[in-house]
Amino acid sequence: MNDTVIHVSDFRKTYGETVAVDGISFAVERGEIFGLLGPNGAGKTSTLECLEGLRRADGGALDILGVDPTRQARKLRNLIGVQLQTSGLPATMQVNEAIRFFCAYHNVAPRYDLIERLGLKDKQRSQYGQLSTGQQRRLALALAVAHKPPVVFLDEPTAGLDVESRAELHALVQELKTEGTSIILATHDMAEAEKMSDRVAILLRGKIVATGTPREITATGAGLTKVSVRTEHSVLHRNGAAIPGVNRHLIEEDYAVYFSADPGPTVTALLQYIGDHSDTLIDLRVERPSLEERFLEITSRR
């Protein structure tokens, strides 16, 4: 069985003489969270809108489970769920009314269980305009997944949310993934993309300039691994140790911090040095370059 759910081949979108998306290709597998990243104007929104059937592609091919989004809109609507940054719901519509309306549109029974699952049971008779930002986002996600679509599009799903609300939405997204739902996540939050995505594609000026798992993308950069060491007697603060692989060294409060191009020998040498000078290790932290750092490196270079 072919597990490719979304297939984009040489996709192109233009607005007059402006090329928004310039011949990109990628595929999304069943049960995969695929991050679509890029600065404003990179082509993310145009790509999403064409996949969602809101705009027509000007070249190439788009396919969601064998359906062409621009030519088979009726078939598409039950295959996808879309959570936008702003839902466009009337301010006076109640939460339970919204659930009934969207479920009726998709010809499924009202999913009141989602209201309870997302912590909105006490708000089911509240009007949309009376909900907090976090509650509105949770309702938007409930509406997007109420008909159990195999593909879900999330556009900045946690922007502006508090820590608790973000954690709740992340947990539900992981549940959807476990159940086999394929998710395209468009976000400016690189930490969120790195945490949630199985693979990401970085768009820049309408082209994909990097694709792979977050770890693969960060591993290909020029970023240095940060090694932070705290010891009982701070021997690394007082002595100029010659540590292999280190490009830069500084002191941050109680920690000696080393930026290394080769962290293995660096950590080994640090531990040896601490032992040789009769000091005791209290804390050792090794932090690889983040996706955000790699993203900034790619976009600034180009």
# chains A, B, ... in the order shown; residues from 1 in each chain; ligands from 1

call {"tool": "residues_around", "arguments": {"residues": "A:Ala61", "least_positions_apart": "3", "cutoff": "9 Å", "atoms": "only C-alpha atoms", "output": "list in words"}}
result
His7, Val8, Ser9, Asp10, Phe11, Arg12, Ala57 and Asp68 of chain A

call {"tool": "residues_around", "arguments": {"residues": "A:Ser278", "least_positions_apart": "5", "cutoff": "12 Å", "atoms": "only C-alpha atoms", "output": "list in words"}}
result
Thr231, Glu232, His233, Ser234, Val235, Leu236, Leu271, Gln272 and Tyr273 of chain A

call {"tool": "closest_residue", "arguments": {"among": "A:Arg71, A:Ala27, A:Val95, A:Ser132", "to": "A:Leu114", "atoms": "only C-alpha atoms"}}
result
A:Val95

call {"tool": "select_by_dssp", "arguments": {"residues": "stretch 135-213 of chain A", "states": "strand (DSSP E)", "output": "ChimeraX atom specification"}}
result
/A:151-155,182-186,199-204,207-212

call {"tool": "closest_residue", "arguments": {"among": "A:Glu292, A:Asp162, A:Asp22, A:Glu253", "to": "A:Ala193", "atoms": "only C-alpha atoms"}}
result
A:Glu292

call {"tool": "atom_distance", "arguments": {"atom1": "atom CA of A:Arg205", "atom2": "atom CA of A:Val173"}}
result
28.9 Å

call {"tool": "residues_around", "arguments": {"residues": "stretch 137-145 of chain A", "least_positions_apart": "5", "cutoff": "6 Å", "atoms": "only C-alpha atoms", "output": "number ranges by chain"}}
result
A: 81-83, 114

call {"tool": "write_last_selection", "arguments": {"atoms": "C-alpha atoms", "output": "mmCIF file, in the first residue's frame"}}
result
data_model
loop_
_atom_site.group_PDB
_atom_site.id
_atom_site.type_symbol
_atom_site.label_atom_id
_atom_site.label_comp_id
_atom_site.auth_asym_id
_atom_site.auth_seq_id
_atom_site.Cartn_x
_atom_site.Cartn_y
_atom_site.Cartn_z
ATOM 1 C CA GLY A 81 -9.516 19.773 7.916
ATOM 2 C CA VAL A 82 -8.181 23.309 8.144
ATOM 3 C CA GLN A 83 -7.348 25.300 11.271
ATOM 4 C CA LEU A 114 -14.375 17.192 21.242
#

call {"tool": "closest_residue", "arguments": {"among": "A:Arg294, A:Lys207, A:His249, A:Arg238", "to": "A:Phe26", "atoms": "only C-alpha atoms"}}
result
A:Lys207

call {"tool": "atom_distance", "arguments": {"atom1": "atom CA of A:Gly43", "atom2": "atom CA of A:Ala171"}}
result
28.2 Å

call {"tool": "closest_residue", "arguments": {"among": "A:Ala98, A:Ala146, A:Leu281, A:Ala186", "to": "A:Tyr128", "atoms": "only C-alpha atoms"}}
result
A:Ala98

call {"tool": "closest_residue", "arguments": {"among": "A:Ala210, A:Met196, A:Leu84, A:Val21", "to": "A:Glu175", "atoms": "only C-alpha atoms"}}
result
A:Met196

call {"tool": "select_by_dssp", "arguments": {"residues": "stretch 65-251 of chain A", "states": "helix (DSSP H, G or I)", "output": "PyMOL selection string"}}
result
chain A and resi 73-76+95-105+112-117+121-123+128-130+133-145+163-178+190-196+214-219+235-238
